[in-house]
Amino acid sequence: MAILIDEPIWPFRGERWAHLVSDESYDELHAFADSIGISRSSFQGDHYDIPKSMWLTAVNAGALPTDSRVLLRKLKEAGLRKRNRKTK
């Protein structure tokens with residue numbers, strides 16, 4: 001149905017990152033990421049981490065910019081949210 005991307009506000013290793021998700025399936029998400037040259041190694045279980053330098057490329061290819069809270073809600077509603085499985 002839709003590929004969603006939040007703003008690249010998440011700092012990590014000196015860069016700002018966005019999250020790219022599908023509200024339909026992982027297959028849709030992987031196909032979209034492949035189409036814009038994002039490596040599968042950027043997949044984080046239920047989303048891709050997208051550097052700020054690739055944000056506009058993703059949007060121009062059809063990703064819908066959205067708020068992080070909306071992105072998370074859509075991911076949960078689709079049943080695609082995977083929780084962090086770190087143990088204490």
# chains A, B, ... in the order shown; residues from 1 in each chain; ligands from 1

$ residues_around --residues "Tyr48 in chain A" --least-positions-apart "3" --cutoff "10 Å" --atoms "only C-alpha atoms" --output "MDAnalysis selection string"
chainID A and resid 5 17:22 29:30 33 38:45 51

$ write_last_selection --atoms "N, CA and C atoms" --output "PDB file, in the first residue's frame"
ATOM      1  N   ILE A   5       8.398   7.144   5.341  1.00  0.00           N
ATOM      2  CA  ILE A   5       9.717   7.532   5.828  1.00  0.00           C
ATOM      3  C   ILE A   5       9.554   8.708   6.784  1.00  0.00           C
ATOM      4  N   TRP A  17      19.740   9.974  10.603  1.00  0.00           N
ATOM      5  CA  TRP A  17      19.108   8.845   9.934  1.00  0.00           C
ATOM      6  C   TRP A  17      17.591   8.938  10.008  1.00  0.00           C
ATOM      7  N   ALA A  18      16.954   8.362   9.004  1.00  0.00           N
ATOM      8  CA  ALA A  18      15.497   8.223   8.955  1.00  0.00           C
ATOM      9  C   ALA A  18      15.162   6.735   8.971  1.00  0.00           C
ATOM     10  N   HIS A  19      13.898   6.436   9.198  1.00  0.00           N
ATOM     11  CA  HIS A  19      13.408   5.060   9.157  1.00  0.00           C
ATOM     12  C   HIS A  19      12.473   4.904   7.968  1.00  0.00           C
ATOM     13  N   LEU A  20      12.652   3.831   7.229  1.00  0.00           N
ATOM     14  CA  LEU A  20      11.836   3.517   6.059  1.00  0.00           C
ATOM     15  C   LEU A  20      11.063   2.242   6.353  1.00  0.00           C
ATOM     16  N   VAL A  21       9.735   2.293   6.232  1.00  0.00           N
ATOM     17  CA  VAL A  21       8.893   1.127   6.527  1.00  0.00           C
ATOM     18  C   VAL A  21       7.824   0.954   5.447  1.00  0.00           C
ATOM     19  N   SER A  22       7.213  -0.224   5.467  1.00  0.00           N
ATOM     20  CA  SER A  22       6.039  -0.497   4.641  1.00  0.00           C
ATOM     21  C   SER A  22       4.857  -0.708   5.571  1.00  0.00           C
ATOM     22  N   LEU A  29       8.702  -3.573   1.162  1.00  0.00           N
ATOM     23  CA  LEU A  29       9.775  -2.747   1.708  1.00  0.00           C
ATOM     24  C   LEU A  29      11.116  -3.093   1.065  1.00  0.00           C
ATOM     25  N   HIS A  30      11.431  -4.389   0.984  1.00  0.00           N
ATOM     26  CA  HIS A  30      12.703  -4.805   0.381  1.00  0.00           C
ATOM     27  C   HIS A  30      12.777  -4.405  -1.092  1.00  0.00           C
ATOM     28  N   ALA A  33      13.468  -0.664  -1.227  1.00  0.00           N
ATOM     29  CA  ALA A  33      14.856  -0.386  -0.848  1.00  0.00           C
ATOM     30  C   ALA A  33      15.810  -0.778  -1.978  1.00  0.00           C
ATOM     31  N   ILE A  38      19.436   0.808  -1.685  1.00  0.00           N
ATOM     32  CA  ILE A  38      19.725   0.636  -0.260  1.00  0.00           C
ATOM     33  C   ILE A  38      20.071  -0.826   0.000  1.00  0.00           C
ATOM     34  N   SER A  39      21.198  -1.054   0.622  1.00  0.00           N
ATOM     35  CA  SER A  39      21.680  -2.398   0.903  1.00  0.00           C
ATOM     36  C   SER A  39      20.804  -3.114   1.925  1.00  0.00           C
ATOM     37  N   ARG A  40      20.645  -4.406   1.752  1.00  0.00           N
ATOM     38  CA  ARG A  40      19.875  -5.217   2.704  1.00  0.00           C
ATOM     39  C   ARG A  40      20.512  -5.155   4.096  1.00  0.00           C
ATOM     40  N   SER A  41      21.800  -4.844   4.174  1.00  0.00           N
ATOM     41  CA  SER A  41      22.459  -4.738   5.481  1.00  0.00           C
ATOM     42  C   SER A  41      21.927  -3.562   6.294  1.00  0.00           C
ATOM     43  N   SER A  42      21.196  -2.650   5.655  1.00  0.00           N
ATOM     44  CA  SER A  42      20.578  -1.524   6.360  1.00  0.00           C
ATOM     45  C   SER A  42      19.235  -1.893   6.976  1.00  0.00           C
ATOM     46  N   PHE A  43      18.762  -3.122   6.733  1.00  0.00           N
ATOM     47  CA  PHE A  43      17.483  -3.583   7.278  1.00  0.00           C
ATOM     48  C   PHE A  43      17.663  -3.917   8.750  1.00  0.00           C
ATOM     49  N   GLN A  44      16.787  -3.389   9.581  1.00  0.00           N
ATOM     50  CA  GLN A  44      16.891  -3.532  11.031  1.00  0.00           C
ATOM     51  C   GLN A  44      15.716  -4.308  11.631  1.00  0.00           C
ATOM     52  N   GLY A  45      15.281  -5.358  10.967  1.00  0.00           N
ATOM     53  CA  GLY A  45      14.238  -6.221  11.519  1.00  0.00           C
ATOM     54  C   GLY A  45      12.833  -5.853  11.099  1.00  0.00           C
ATOM     55  N   PRO A  51      20.238   7.037   5.536  1.00  0.00           N
ATOM     56  CA  PRO A  51      20.979   8.253   5.870  1.00  0.00           C
ATOM     57  C   PRO A  51      20.315   9.487   5.261  1.00  0.00           C
TER      58      PRO A  51
END

$ atom_distance --atom1 "CA of Glu28 in chain A" --atom2 "CA of Arg13 in chain A"
28.2 Å

$ atom_distance --atom1 "CA of Ala2 in chain A" --atom2 "CA of Glu15 in chain A"
26.0 Å

$ select_by_dssp --residues "chain A" --states "strand (DSSP E or B)" --output "list in words"
Ile3, Leu4, Ile5, Trp10, Pro11, Phe12, Glu15, Arg16, Trp17, Ala18, His19, Leu20, Val21, Ser22, Phe43, Tyr48, Asp49, Ile50, Pro51, Leu64 and Pro65 of chain A

$ write_last_selection --atoms "C-alpha atoms" --output "compact mmCIF listing (two decimals), in the first residue's frame"
# COMPACT_ATOMS: atom_id res chain seq x y z
CA ILE A 3 6.19 3.10 1.91
CA LEU A 4 6.65 5.60 4.73
CA ILE A 5 9.72 7.53 5.83
CA TRP A 10 18.05 10.18 14.53
CA PRO A 11 21.77 10.67 15.28
CA PHE A 12 24.21 7.79 14.93
CA GLU A 15 25.09 11.26 10.74
CA ARG A 16 21.33 11.77 10.87
CA TRP A 17 19.11 8.84 9.93
CA ALA A 18 15.50 8.22 8.96
CA HIS A 19 13.41 5.06 9.16
CA LEU A 20 11.84 3.52 6.06
CA VAL A 21 8.89 1.13 6.53
CA SER A 22 6.04 -0.50 4.64
CA PHE A 43 17.48 -3.58 7.28
CA TYR A 48 15.56 0.29 6.98
CA ASP A 49 17.86 2.94 8.37
CA ILE A 50 18.25 5.60 5.67
CA PRO A 51 20.98 8.25 5.87
CA LEU A 64 5.63 9.22 1.89
CA PRO A 65 7.17 11.56 4.48

$ atom_distance --atom1 "CA of Ser35 in chain A" --atom2 "CA of Gly14 in chain A"
26.0 Å

$ residues_around --residues "Lys76 in chain A" --least-positions-apart "2" --cutoff "12 Å" --atoms "only C-alpha atoms" --output "list of chain:residue names"
A:Val21, A:Ser22, A:Asp23, A:Glu24, A:Ser25, A:Asp46, A:His47, A:Arg69, A:Val70, A:Leu71, A:Leu72, A:Arg73, A:Lys74, A:Ala78, A:Gly79, A:Leu80, A:Arg81, A:Lys82, A:Arg83

$ select_by_dssp --residues "chain A" --states "alpha helix (DSSP H)" --output "PyMOL selection string"
chain A and resi 26-35+52-60+68-77

$ closest_residue --among "A:Leu75, A:Met54, A:Ala63, A:Ile9" --to "Tyr26 in chain A" --atoms "only C-alpha atoms"
A:Leu75

$ closest_residue --among "A:Phe32, A:Asp67, A:Asn60, A:Glu77" --to "Pro8 in chain A" --atoms "only C-alpha atoms"
A:Asp67
